[in-house]
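coords.cif follows (mmCIF, C-alpha atoms):
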```
data_upload
loop_
_atom_site.label_atom_id
_atom_site.label_comp_id
_atom_site.auth_asym_id
_atom_site.auth_seq_id
_atom_site.Cartn_x
_atom_site.Cartn_y
_atom_site.Cartn_z
CA MET A 1 0.00 0.00 0.00
CA ILE A 2 1.26 3.48 -0.86
CA VAL A 3 0.46 6.32 1.52
CA ALA A 4 1.62 9.28 -0.54
CA ARG A 5 1.22 12.95 0.15
CA THR A 6 2.48 14.93 -2.79
CA GLY A 7 2.93 18.66 -3.01
CA ALA A 8 3.44 21.04 -0.12
CA SER A 9 0.41 23.05 0.89
CA SER A 10 0.64 26.61 2.11
CA ASP A 11 -1.61 25.49 4.98
CA THR A 12 0.16 23.82 7.89
CA GLY A 13 -2.46 21.08 7.99
CA LEU A 14 -2.86 21.23 11.77
CA SER A 15 -6.44 20.74 12.94
CA THR A 16 -6.23 23.57 15.48
CA VAL A 17 -4.05 25.96 13.52
CA LEU A 18 -4.62 29.67 13.25
CA PRO A 19 -7.78 30.33 15.25
CA GLY A 20 -8.75 33.99 15.27
CA SER A 21 -7.80 34.30 18.94
CA GLY A 22 -4.68 32.16 18.70
CA ARG A 23 -2.25 34.76 20.05
CA ALA A 24 -1.83 33.44 23.59
CA GLU A 25 -0.45 35.68 26.32
CA ALA A 26 2.40 33.19 26.68
CA GLU A 27 3.65 34.15 23.25
CA ARG A 28 4.56 37.60 24.54
CA SER A 29 7.37 36.13 26.59
CA ASP A 30 11.01 36.59 25.63
CA HIS A 31 11.34 35.72 21.94
CA ALA A 32 14.92 34.59 22.59
CA MET A 33 13.67 31.38 24.18
CA VAL A 34 12.33 28.92 21.65
CA PRO A 35 9.00 27.42 22.77
CA PHE A 36 8.51 23.68 22.97
CA LEU A 37 6.47 22.56 19.97
CA LEU A 38 5.15 19.23 18.74
CA GLY A 39 2.70 19.82 15.92
CA SER A 40 1.13 17.49 13.37
CA ALA A 41 -2.10 16.95 11.45
CA GLU A 42 -3.37 15.01 14.49
CA GLU A 43 -2.62 17.39 17.35
CA THR A 44 -0.49 20.29 18.51
CA ILE A 45 1.21 20.88 21.86
CA ALA A 46 3.06 24.15 22.44
CA GLY A 47 4.72 25.05 25.73
CA PHE A 48 6.13 28.45 26.72
CA GLY A 49 8.64 29.16 29.45
CA ILE A 50 9.89 26.79 32.15
CA LYS A 51 7.91 26.51 35.37
CA ALA A 52 10.05 23.75 36.89
CA ALA A 53 12.54 21.20 35.56
CA LEU A 54 12.97 17.51 36.28
CA ALA A 55 16.27 16.24 37.59
CA PRO A 56 18.64 15.70 34.63
CA VAL A 57 18.82 11.90 34.74
CA PRO A 58 19.58 9.18 32.15
CA ALA A 59 16.88 7.17 30.40
CA GLU A 60 16.78 4.31 32.89
CA ASP A 61 15.92 6.73 35.73
CA LEU A 62 13.21 8.75 33.98
CA LYS A 63 10.23 6.91 35.48
CA GLU A 64 11.44 7.57 39.02
CA ALA A 65 12.41 11.16 38.17
CA GLU A 66 8.89 11.84 36.93
CA ARG A 67 7.36 10.28 40.06
CA VAL A 68 9.51 12.45 42.34
CA PHE A 69 8.79 15.58 40.28
CA ARG A 70 5.03 15.08 40.31
CA ALA A 71 5.04 14.46 44.06
CA ALA A 72 6.75 17.83 44.50
CA HIS A 73 4.58 19.59 41.88
CA PRO A 74 1.07 18.10 42.12
CA ASP A 75 -0.39 21.02 40.15
CA VAL A 76 1.64 20.20 37.02
CA SER A 77 -0.23 18.51 34.21
CA LEU A 78 2.13 18.45 31.23
CA ILE A 79 5.82 17.62 31.12
CA VAL A 80 7.66 18.20 27.84
CA GLY A 81 11.20 17.85 26.57
CA ILE A 82 13.79 15.78 24.83
CA LEU A 83 15.97 12.73 25.44
CA PRO A 84 19.51 12.64 24.02
CA PHE A 85 20.64 9.81 21.76
CA ASP A 86 23.00 8.49 24.44
CA ARG A 87 20.90 6.68 27.06
CA ALA A 88 23.51 7.48 29.71
CA ALA A 89 23.33 11.24 29.09
CA PRO A 90 20.81 13.37 31.01
CA ALA A 91 17.41 14.12 29.54
CA HIS A 92 16.05 17.68 29.42
CA LEU A 93 12.45 17.57 30.69
CA TYR A 94 10.42 20.32 32.29
CA ALA A 95 6.94 21.68 33.00
CA PRO A 96 6.14 24.72 30.82
CA GLU A 97 4.67 27.84 32.38
CA THR A 98 1.88 27.88 29.81
CA VAL A 99 0.61 25.23 27.39
CA THR A 100 -1.62 25.67 24.35
CA THR A 101 -3.02 23.28 21.77
CA VAL A 102 -2.83 25.73 18.88
CA TRP A 103 0.00 26.50 16.52
CA PRO A 104 2.00 29.44 17.94
CA ALA A 105 0.80 32.60 16.22
CA ARG A 106 4.32 33.99 16.18
CA VAL A 107 5.29 31.05 13.94
CA ALA A 108 2.15 31.04 11.82
CA ASP A 109 2.44 34.79 11.23
CA SER A 110 6.16 34.64 10.53
CA THR A 111 7.34 36.16 7.28
CA ILE A 112 9.04 33.41 5.31
CA ALA A 113 12.72 34.20 5.01
CA PRO A 114 14.15 34.81 1.54
CA THR A 115 16.36 32.23 -0.11
CA ALA A 116 19.78 32.09 1.47
CA GLY A 117 22.38 34.00 -0.48
CA ALA A 118 25.55 36.00 0.07
CA GLY A 119 27.17 35.58 3.43
CA TRP A 120 25.94 32.02 4.04
CA SER A 121 28.44 29.17 4.29
CA SER A 122 28.35 25.44 4.96
CA ALA A 123 30.68 22.59 5.80
CA ALA A 124 30.03 18.85 5.85
CA GLU A 125 31.28 17.12 9.01
CA PRO A 126 32.54 14.61 8.13
CA PRO A 127 32.94 15.23 4.39
CA PRO A 128 31.06 12.75 2.17
CA ALA A 129 34.22 10.78 1.29
CA GLU A 130 35.06 10.30 4.98
CA TYR A 131 31.51 9.19 5.69
CA ALA A 132 31.73 6.65 2.86
CA ALA A 133 34.97 5.37 4.40
CA ALA A 134 33.20 4.98 7.76
CA VAL A 135 30.50 2.92 6.05
CA GLU A 136 33.25 0.70 4.59
CA LYS A 137 34.61 0.17 8.11
CA ALA A 138 31.14 -0.68 9.37
CA LEU A 139 30.77 -3.28 6.63
CA SER A 140 34.04 -4.87 7.74
CA LEU A 141 32.63 -5.14 11.28
CA PHE A 142 29.82 -7.38 10.06
CA ALA A 143 32.42 -9.87 8.86
CA SER A 144 34.48 -9.78 12.06
CA GLU A 145 31.66 -9.48 14.61
CA GLN A 146 29.03 -12.05 13.78
CA HIS A 147 26.51 -10.71 16.32
CA LEU A 148 26.35 -7.21 14.78
CA GLN A 149 23.39 -7.03 12.39
CA LYS A 150 22.92 -3.32 11.74
CA VAL A 151 24.54 -0.01 12.63
CA VAL A 152 23.21 3.47 11.87
CA LEU A 153 25.87 6.01 10.94
CA ALA A 154 25.13 9.73 11.01
CA ARG A 155 26.86 12.79 9.61
CA SER A 156 26.24 16.51 9.89
CA LEU A 157 26.21 19.67 7.84
CA VAL A 158 27.03 22.97 9.54
CA VAL A 159 25.32 26.01 8.02
CA THR A 160 26.32 29.53 9.08
CA ALA A 161 24.26 32.62 8.25
CA PRO A 162 25.42 36.26 8.30
CA THR A 163 22.82 37.06 11.01
CA ASN A 164 20.82 35.05 13.54
CA ILE A 165 18.65 32.47 11.82
CA ASP A 166 14.90 33.14 11.99
CA ILE A 167 13.71 29.96 13.73
CA ASP A 168 10.04 30.94 13.46
CA ALA A 169 10.38 31.10 9.67
CA VAL A 170 12.16 27.72 9.62
CA LEU A 171 9.31 26.15 11.62
CA ALA A 172 6.70 27.72 9.35
CA ARG A 173 8.39 26.25 6.30
CA LEU A 174 8.77 22.81 7.86
CA ALA A 175 5.08 22.72 8.78
CA ARG A 176 4.06 22.93 5.13
CA ASP A 177 4.69 19.18 4.87
CA ARG A 178 1.47 17.76 6.30
CA SER A 179 2.87 14.23 6.56
CA ILE A 180 5.36 14.96 9.34
CA THR A 181 5.48 16.23 12.92
CA THR A 182 7.19 19.59 13.25
CA PHE A 183 9.03 20.01 16.52
CA ALA A 184 11.09 22.49 18.50
CA ALA A 185 12.79 21.68 21.78
CA PRO A 186 14.84 24.18 23.81
CA LEU A 187 18.19 22.72 24.87
CA PRO A 188 20.29 23.45 27.94
CA SER A 189 22.57 26.45 27.34
CA THR A 190 25.48 27.84 29.31
CA SER A 191 25.08 31.27 30.88
CA GLY A 192 25.70 34.07 28.39
CA ALA A 193 25.60 31.77 25.35
CA SER A 194 23.03 31.99 22.56
CA PRO A 195 19.93 29.90 23.30
CA ARG A 196 20.04 26.46 21.69
CA ALA A 197 17.17 24.46 20.25
CA LEU A 198 16.65 21.29 18.25
CA ILE A 199 14.29 22.01 15.36
CA GLY A 200 13.02 19.39 12.97
CA ALA A 201 10.33 17.63 10.97
CA THR A 202 10.16 13.99 11.98
CA PRO A 203 8.04 11.34 10.29
CA GLU A 204 8.69 8.67 12.95
CA LEU A 205 6.54 7.90 16.00
CA LEU A 206 8.45 6.28 18.85
CA VAL A 207 5.42 5.67 21.07
CA ASP A 208 1.95 7.04 21.68
CA LYS A 209 -0.08 6.00 24.74
CA ARG A 210 -3.70 6.88 25.46
CA GLY A 211 -5.18 4.87 28.33
CA ALA A 212 -4.39 1.22 27.66
CA ALA A 213 -3.83 1.76 23.92
CA VAL A 214 -0.23 1.94 22.78
CA ARG A 215 1.16 2.54 19.30
CA SER A 216 4.56 2.80 17.62
CA ALA A 217 5.26 3.51 13.94
CA PRO A 218 8.89 2.73 13.08
CA LEU A 219 10.46 3.68 9.76
CA ALA A 220 13.52 1.97 8.30
CA GLY A 221 14.51 1.82 4.66
CA SER A 222 14.42 5.06 2.66
CA ALA A 223 14.59 6.42 -0.88
CA ARG A 224 14.50 9.95 -2.24
CA ARG A 225 11.36 11.31 -3.85
CA HIS A 226 11.43 12.92 -7.31
CA ALA A 227 9.50 15.75 -8.94
CA ASP A 228 8.97 13.60 -12.03
CA LYS A 229 5.99 11.29 -11.38
CA LYS A 230 7.46 8.33 -13.24
CA ALA A 231 10.81 8.60 -11.47
CA ASP A 232 9.01 8.97 -8.12
CA GLU A 233 6.97 5.81 -8.73
CA LEU A 234 10.09 3.89 -9.71
CA SER A 235 11.85 5.06 -6.56
CA ALA A 236 8.94 3.87 -4.41
CA ALA A 237 8.67 0.53 -6.18
CA GLY A 238 12.42 -0.02 -5.91
CA LEU A 239 12.34 0.61 -2.17
CA LEU A 240 9.44 -1.79 -1.61
CA ALA A 241 11.30 -4.49 -3.57
CA SER A 242 14.71 -3.90 -1.97
CA GLU A 243 15.88 -6.99 -0.08
CA LYS A 244 18.41 -4.91 1.83
CA ASP A 245 15.83 -2.34 2.97
CA LEU A 246 13.20 -4.96 3.82
CA ARG A 247 15.75 -6.78 5.96
CA GLU A 248 16.76 -3.56 7.69
CA HIS A 249 13.11 -2.74 8.38
CA ALA A 250 12.37 -6.19 9.78
CA PHE A 251 15.17 -5.74 12.35
CA VAL A 252 13.49 -2.60 13.68
CA VAL A 253 9.96 -4.00 13.86
CA GLU A 254 11.12 -7.17 15.59
CA ALA A 255 13.01 -5.14 18.21
CA ILE A 256 9.99 -2.95 18.94
CA LEU A 257 7.72 -5.97 19.27
CA ASP A 258 10.23 -7.60 21.63
CA THR A 259 10.45 -4.42 23.75
CA LEU A 260 6.71 -3.78 24.01
CA SER A 261 5.66 -7.41 24.42
CA PRO A 262 6.28 -7.62 28.21
CA TYR A 263 4.05 -4.56 28.71
CA CYS A 264 1.15 -5.70 26.51
CA ARG A 265 -1.57 -8.34 26.70
CA ASP A 266 -1.93 -8.15 22.94
CA LEU A 267 0.35 -6.69 20.28
CA ARG A 268 -0.25 -6.46 16.53
CA ALA A 269 1.81 -5.59 13.45
CA PRO A 270 1.33 -6.26 9.72
CA SER A 271 3.49 -9.02 8.25
CA SER A 272 5.02 -6.64 5.70
CA PRO A 273 5.70 -2.88 5.63
CA SER A 274 3.85 -0.19 3.73
CA LEU A 275 5.26 2.67 1.72
CA VAL A 276 4.98 5.96 3.60
CA SER A 277 6.08 9.32 2.24
CA THR A 278 7.06 12.80 3.24
CA ASP A 279 7.46 15.57 0.70
CA SER A 280 11.11 14.61 0.21
CA MET A 281 11.46 10.90 1.09
CA TRP A 282 9.88 7.47 0.69
CA HIS A 283 10.06 5.19 3.73
CA LEU A 284 9.18 1.63 4.64
CA GLY A 285 6.84 1.88 7.62
CA THR A 286 4.97 -0.44 9.96
CA THR A 287 2.39 0.48 12.59
CA VAL A 288 2.62 -1.57 15.78
CA GLU A 289 -0.45 -1.44 18.03
CA GLY A 290 -1.20 -3.05 21.37
CA THR A 291 -3.15 -3.04 24.61
CA LEU A 292 -1.23 -2.57 27.84
CA LYS A 293 -1.57 -5.05 30.68
CA ASP A 294 -1.51 -2.08 33.05
CA ARG A 295 -3.10 1.09 31.69
CA ASP A 296 -1.21 3.06 34.35
CA THR A 297 2.16 2.26 32.77
CA PRO A 298 3.56 5.76 32.07
CA VAL A 299 4.46 6.65 28.51
CA ILE A 300 7.87 7.89 29.69
CA GLU A 301 8.68 4.34 30.81
CA LEU A 302 7.76 2.98 27.37
CA ALA A 303 9.74 5.70 25.58
CA ALA A 304 12.80 5.02 27.73
CA ALA A 305 12.54 1.27 27.08
CA LEU A 306 12.25 1.69 23.30
CA HIS A 307 14.89 4.40 22.87
CA PRO A 308 17.05 4.23 20.86
CA THR A 309 15.43 1.84 18.41
CA PRO A 310 17.44 0.00 15.72
CA ALA A 311 16.12 2.63 13.29
CA VAL A 312 18.56 5.19 14.72
CA CYS A 313 21.12 3.00 16.51
CA GLY A 314 21.37 -0.54 15.20
CA LEU A 315 21.16 -4.11 16.43
CA PRO A 316 22.09 -5.40 18.94
CA ARG A 317 21.81 -2.02 20.67
CA GLU A 318 25.02 -2.12 22.71
CA ALA A 319 27.20 -3.48 19.90
CA ALA A 320 25.80 -0.87 17.52
CA ARG A 321 26.36 1.89 20.06
CA GLU A 322 30.00 0.87 20.40
CA ALA A 323 30.40 0.90 16.60
CA ILE A 324 28.84 4.37 16.42
CA ALA A 325 31.21 5.66 19.10
CA ALA A 326 34.17 4.28 17.15
CA LEU A 327 33.11 5.42 13.66
CA GLU A 328 31.27 8.72 14.05
CA THR A 329 33.32 11.89 14.45
CA VAL A 330 30.55 14.28 15.55
CA ASP A 331 28.65 13.97 18.82
CA ARG A 332 24.96 13.41 18.09
CA GLY A 333 23.79 15.23 21.18
CA TYR A 334 19.99 15.22 21.00
CA TYR A 335 19.82 14.14 17.35
CA ALA A 336 18.23 10.65 17.11
CA GLY A 337 16.91 11.14 20.62
CA ALA A 338 13.21 11.42 21.44
CA VAL A 339 11.05 14.53 21.73
CA GLY A 340 7.61 14.58 23.29
CA TRP A 341 5.27 15.08 26.21
CA THR A 342 3.51 13.24 29.00
CA ASP A 343 0.51 14.26 31.11
CA GLN A 344 -0.57 13.56 34.67
CA ASN A 345 -2.32 10.34 33.56
CA GLY A 346 0.85 8.91 32.07
CA ASP A 347 -0.46 9.39 28.53
CA GLY A 348 1.54 11.16 25.85
CA ARG A 349 3.43 11.05 22.59
CA TRP A 350 7.15 10.74 21.84
CA MET A 351 8.64 11.14 18.38
CA VAL A 352 12.08 10.08 17.16
CA ALA A 353 14.17 13.26 16.83
CA ILE A 354 15.35 12.94 13.23
CA ARG A 355 15.34 15.25 10.15
CA CYS A 356 16.50 17.97 12.48
CA ALA A 357 19.17 20.54 13.23
CA GLU A 358 20.59 22.14 16.34
CA PHE A 359 20.20 25.93 16.08
CA SER A 360 22.14 28.55 18.00
CA GLY A 361 22.35 32.13 16.82
CA ARG A 362 23.78 32.23 13.29
CA ASN A 363 24.56 28.51 13.19
CA ALA A 364 22.61 25.37 12.39
CA ARG A 365 24.06 21.87 12.56
CA LEU A 366 21.95 19.54 10.44
CA PHE A 367 22.03 15.77 11.04
CA ALA A 368 21.17 12.78 8.88
CA GLY A 369 21.82 9.07 9.23
CA ALA A 370 21.53 5.84 7.28
CA GLY A 371 21.13 2.24 8.36
CA ILE A 372 24.11 0.09 7.39
CA VAL A 373 23.59 -3.65 6.97
CA PRO A 374 25.57 -6.29 5.07
CA GLY A 375 25.23 -5.41 1.39
CA SER A 376 25.05 -1.65 1.91
CA ASP A 377 26.87 0.50 -0.66
CA PRO A 378 28.91 3.36 0.88
CA TRP A 379 28.13 5.98 -1.74
CA SER A 380 24.45 5.03 -1.81
CA GLU A 381 24.41 5.78 1.92
CA VAL A 382 26.04 9.15 1.20
CA ALA A 383 23.23 9.83 -1.28
CA GLU A 384 20.59 8.79 1.26
CA THR A 385 21.94 11.10 3.95
CA SER A 386 22.19 13.95 1.43
CA ALA A 387 18.51 13.43 0.60
CA LYS A 388 17.60 13.51 4.28
CA PHE A 389 19.19 16.95 4.66
CA SER A 390 16.78 18.36 2.08
CA ALA A 391 13.82 19.21 4.36
CA LEU A 392 15.93 21.38 6.67
CA LEU A 393 17.91 22.91 3.82
CA SER A 394 14.69 23.87 2.09
CA ALA A 395 13.36 25.36 5.33
CA LEU A 396 16.54 27.46 5.51
CA GLY A 397 16.01 28.63 1.94
CA ILE A 398 19.03 26.71 0.65
CA ASP A 399 19.32 24.78 -2.61
CA GLU A 400 20.98 21.60 -1.39
CA THR A 401 22.25 20.72 -4.86
CA GLY A 402 24.38 23.79 -5.21
CA SER A 403 24.95 25.60 -1.96
CA THR A 404 26.10 23.11 0.65
CA GLY A 405 29.41 21.85 -0.63
CA GLU A 406 28.05 18.31 -0.89
CA ARG A 407 29.88 16.09 -3.34
CA PRO A 408 27.55 14.90 -6.13
CA VAL A 409 26.68 11.23 -6.24
CA ASN A 410 25.78 9.51 -9.46
CA GLY A 411 22.82 7.20 -10.00
CA ASN A 412 24.89 4.07 -9.41
CA GLY A 413 25.87 5.10 -5.91
CA GLY A 414 29.45 5.96 -6.81
CA ALA A 415 31.36 9.19 -6.69
CA PRO A 416 32.11 10.70 -10.11
#
```
Could I get this file's structure written as structure tokens?
Amino acid sequence: MIVARTGASSDTGLSTVLPGSGRAEAERSDHAMVPFLLGSAEETIAGFGIKAALAPVPAEDLKEAERVFRAAHPDVSLIVGILPFDRAAPAHLYAPETVTTVWPARVADSTIAPTAGAGWSSAAEPPPAEYAAAVEKALSLFASEQHLQKVVLARSLVVTAPTNIDIDAVLARLARDRSITTFAAPLPSTSGASPRALIGATPELLVDKRGAAVRSAPLAGSARRHADKKADELSAAGLLASEKDLREHAFVVEAILDTLSPYCRDLRAPSSPSLVSTDSMWHLGTTVEGTLKDRDTPVIELAAALHPTPAVCGLPREAAREAIAALETVDRGYYAGAVGWTDQNGDGRWMVAIRCAEFSGRNARLFAGAGIVPGSDPWSEVAETSAKFSALLSALGIDETGSTGERPVNGNGGAP
């Protein structure tokens, strides 16, 4: 089945977007602090300011940290924030001062920035050739370490503007793609430094819990979309027939089923993936649904158990994490983490923090990754990561084919 959404609409597609009275008092707070935002065609959560923060603890301690926080702050309903990729690193979770369920008017009313031009610069870290070499090293690990089945390798692209980047305009552009969840998460910043935020447009649901109902929608296996209809259809068909991508996807679904199974009295997933699209990418996707044994299981416990999935780390998790530490040259930070919210009932939604960039003042560090399995082609993985930069580059007003310093990749996956 193909679930395709073609063409970007000028409407954000959010069900509660742009009401006539949508300019909440909270939006008059200091513009320097980016609000928390998780907005999609299904729902929108926007949080302004920080009322109180949870203790900065690693993933395994989040359930207890939330319990302690709520005991001390019984009036708090919503907790929002972001988990870093590294499970041992501290999460950044807090209760906002004010929460709305409408798209922030300051974003919706933002004047779209002009196309980037003079004074902008970019640098790939690592350069494409070095990333391809890292993929080669990962492939050699599969031969020497029989237990390693998949490893996800990421790279970054640093974009520098002549003046501070207009984050509201970036968010407004990202939200034009109705198939994704646009997000913004303030990050911890040192005193006196420019505020930091992770901004992105993720298509991947880590976990959603409402009462006893739980759902996850992993994506693994990707191909670039094309403006030409025939080429786009061929790209989709090729992905759905790709043995390598189907195998990679199966790893992820199996791991999610294994993780959720102890929590659920029933758990369901289709036997084969569907094609799911964003404006820029085709993905193999599977929706996993279940019923919890205990409806009081908090969503933060489920998110912490699932994160990071093989879609952003690899399999087995620890072996893949060690390979990532050895092969990647840029710290992921909060990229490939999880961004979301939880309420006082333990319900909530957490998305995988991909297709994103860390913004601070004039700088944006974009991230993209690709799943490496036996049979992967290094330069095809370079092409895949280049394609995954496109949503953020477009939101910045940058033509990714000519303004980022990326090395072209030919149709056969090799470097010309």
Item to complete: Run the PyMOL selection byres ((chain A and resi 375) around 12) on the file and write out the hits as a ChimeraX atom specification.
Response: /A:135-136,138-140,142-143,149-150,242-245,247-248,371-374,376-378,380-381
Do a neighbour search on segment 36-43 of chain A at 7 Å with only C-alpha atoms, toss out local chain neighbours closer than 2 positions, and write the hits as a PDB file with C-alpha atoms, in the coordinates of the input.
```pdb
ATOM      1  CA  GLY A  13      -2.460  21.080   7.990  1.00  0.00           C
ATOM      2  CA  LEU A  14      -2.860  21.230  11.770  1.00  0.00           C
ATOM      3  CA  SER A  15      -6.440  20.740  12.940  1.00  0.00           C
ATOM      4  CA  VAL A  34      12.330  28.920  21.650  1.00  0.00           C
ATOM      5  CA  ILE A  45       1.210  20.880  21.860  1.00  0.00           C
ATOM      6  CA  ALA A  46       3.060  24.150  22.440  1.00  0.00           C
ATOM      7  CA  GLY A  47       4.720  25.050  25.730  1.00  0.00           C
ATOM      8  CA  PHE A  48       6.130  28.450  26.720  1.00  0.00           C
ATOM      9  CA  ARG A 178       1.470  17.760   6.300  1.00  0.00           C
ATOM     10  CA  ILE A 180       5.360  14.960   9.340  1.00  0.00           C
ATOM     11  CA  THR A 181       5.480  16.230  12.920  1.00  0.00           C
ATOM     12  CA  THR A 182       7.190  19.590  13.250  1.00  0.00           C
ATOM     13  CA  PHE A 183       9.030  20.010  16.520  1.00  0.00           C
ATOM     14  CA  ALA A 184      11.090  22.490  18.500  1.00  0.00           C
ATOM     15  CA  ALA A 185      12.790  21.680  21.780  1.00  0.00           C
ATOM     16  CA  PRO A 186      14.840  24.180  23.810  1.00  0.00           C
ATOM     17  CA  GLY A 340       7.610  14.580  23.290  1.00  0.00           C
TER      18      GLY A 340
END
```
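The list of residues with at least one atom within 7 Å of segment 264-275 of chain A, based on only C-alpha atoms and without residues fewer than 4 positions apart in the same chain, reads Met1, Ile2, Val3, Leu240, Leu260, Trp282, His283, Leu284, Gly285, Thr286, Thr287, Val288, Glu289, Gly290, Thr291, Leu292 and Lys293 of chain A.
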Worksheet entry | Spatial neighbours of segment 79-84 of chain A, max dist 10 Å, all atoms listed in the file, sep filter under 5 positions, as a PyMOL selection string | chain A and resi 36-38+45-47+50+52-54+57-59+62+66+69-70+89-96+99+184-187+198+303-304+307-308+332-344+348-353
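The residues caught by the PyMOL selection byres ((chain A and resi 152-154) around 9) in this file are Tyr131, Ala134, Val135, Ala138, Lys150, Val151, Arg155, Ser156, Pro310, Ala311, Val312, Cys313, Gly314, Ala320, Arg321, Ala323, Ile324, Leu327, Glu328, Val330, Arg332, Phe367, Ala368, Gly369, Ala370, Gly371, Ile372, Val373 and Thr385 of chain A.
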Fill in: Non-local contacts of segment 121-129 of chain A (6 Å; all atoms listed in the file; under 5 positions in same chain excluded) as a PyMOL selection string
chain A and resi 156-160+404
Discussion item. As an exercise, work out the distance from atom CA of Gly119 of chain A to atom CA of Pro162 of chain A in Å and give it to one decimal place.
Written reply: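 Computing the Euclidean distance for atom CA of Gly119 of chain A and atom CA of Pro162 of chain A yields 5.2 Å.
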Worksheet entry | Selected residue, from A:Glu384, A:Arg210, A:Lys230, A:Leu306, that lies nearest to Leu257 of chain A when counting all atoms listed in the file |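 Using all atoms listed in the file, the shortest distance to Leu257 of chain A belongs to A:Leu306.
Taking atom CA of His249 of chain A as the reference point, atom CA of Thr44 of chain A is found at 28.6 Å.
Distance-wise, atom CA of Asp279 of chain A and atom CA of Asp177 of chain A end up 6.2 Å apart.
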Discussion item. Would you pick out the contacts of segment 294-297 of chain A at 8 Å or less, using all atoms listed in the file, so that residues sharing its chain but fewer than 4 positions from it are not included, and give the list as a PyMOL selection string?
Written reply: chain A and resi 211-213+263-264+301-302+345-346
Worksheet item: When distances are computed from only C-alpha atoms, which of A:Ala161, A:Met33, A:Ala55, A:Val252 shows the smallest separation from Ala220 of chain A?
Response: A:Val252
Taking the file as shown, find all residues satisfying the PyMOL selection byres ((chain A and resi 196) around 7) and write them as a PDB file with C-alpha atoms, in the frame of the given file.
```pdb
ATOM      1  CA  PRO A 186      14.840  24.180  23.810  1.00  0.00           C
ATOM      2  CA  LEU A 187      18.190  22.720  24.870  1.00  0.00           C
ATOM      3  CA  PRO A 188      20.290  23.450  27.940  1.00  0.00           C
ATOM      4  CA  SER A 189      22.570  26.450  27.340  1.00  0.00           C
ATOM      5  CA  SER A 194      23.030  31.990  22.560  1.00  0.00           C
ATOM      6  CA  PRO A 195      19.930  29.900  23.300  1.00  0.00           C
ATOM      7  CA  ALA A 197      17.170  24.460  20.250  1.00  0.00           C
ATOM      8  CA  GLU A 358      20.590  22.140  16.340  1.00  0.00           C
ATOM      9  CA  PHE A 359      20.200  25.930  16.080  1.00  0.00           C
ATOM     10  CA  SER A 360      22.140  28.550  18.000  1.00  0.00           C
TER      11      SER A 360
END
```
Item to complete: Name the closest residue to Leu205 of chain A among the candidates A:Thr163, A:Asp331, A:Glu97, A:Ile354; distances are taken between atoms, counting only C-alpha atoms.
Response: A:Ile354
Worksheet, complete the sentence: From the list A:Val76, A:Ala193, A:Leu219, A:Ala237, the nearest residue to Ala250 of chain A using all atoms listed in the file is A:Leu219
Limit the output to C-alpha atoms and give segment 171-200 of chain A as a JSON list (two decimals), in the first residue's frame.
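Final output, decode-v3.json:
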```json
[["chain", "number", "residue", "atom", "x", "y", "z"],
["A", 171, "LEU", "CA", 9.31, 26.15, 11.62],
["A", 172, "ALA", "CA", 6.70, 27.72, 9.35],
["A", 173, "ARG", "CA", 8.39, 26.25, 6.30],
["A", 174, "LEU", "CA", 8.77, 22.81, 7.86],
["A", 175, "ALA", "CA", 5.08, 22.72, 8.78],
["A", 176, "ARG", "CA", 4.06, 22.93, 5.13],
["A", 177, "ASP", "CA", 4.69, 19.18, 4.87],
["A", 178, "ARG", "CA", 1.47, 17.76, 6.30],
["A", 179, "SER", "CA", 2.87, 14.23, 6.56],
["A", 180, "ILE", "CA", 5.36, 14.96, 9.34],
["A", 181, "THR", "CA", 5.48, 16.23, 12.92],
["A", 182, "THR", "CA", 7.19, 19.59, 13.25],
["A", 183, "PHE", "CA", 9.03, 20.01, 16.52],
["A", 184, "ALA", "CA", 11.09, 22.49, 18.50],
["A", 185, "ALA", "CA", 12.79, 21.68, 21.78],
["A", 186, "PRO", "CA", 14.84, 24.18, 23.81],
["A", 187, "LEU", "CA", 18.19, 22.72, 24.87],
["A", 188, "PRO", "CA", 20.29, 23.45, 27.94],
["A", 189, "SER", "CA", 22.57, 26.45, 27.34],
["A", 190, "THR", "CA", 25.48, 27.84, 29.31],
["A", 191, "SER", "CA", 25.08, 31.27, 30.88],
["A", 192, "GLY", "CA", 25.70, 34.07, 28.39],
["A", 193, "ALA", "CA", 25.60, 31.77, 25.35],
["A", 194, "SER", "CA", 23.03, 31.99, 22.56],
["A", 195, "PRO", "CA", 19.93, 29.90, 23.30],
["A", 196, "ARG", "CA", 20.04, 26.46, 21.69],
["A", 197, "ALA", "CA", 17.17, 24.46, 20.25],
["A", 198, "LEU", "CA", 16.65, 21.29, 18.25],
["A", 199, "ILE", "CA", 14.29, 22.01, 15.36],
["A", 200, "GLY", "CA", 13.02, 19.39, 12.97]]
```
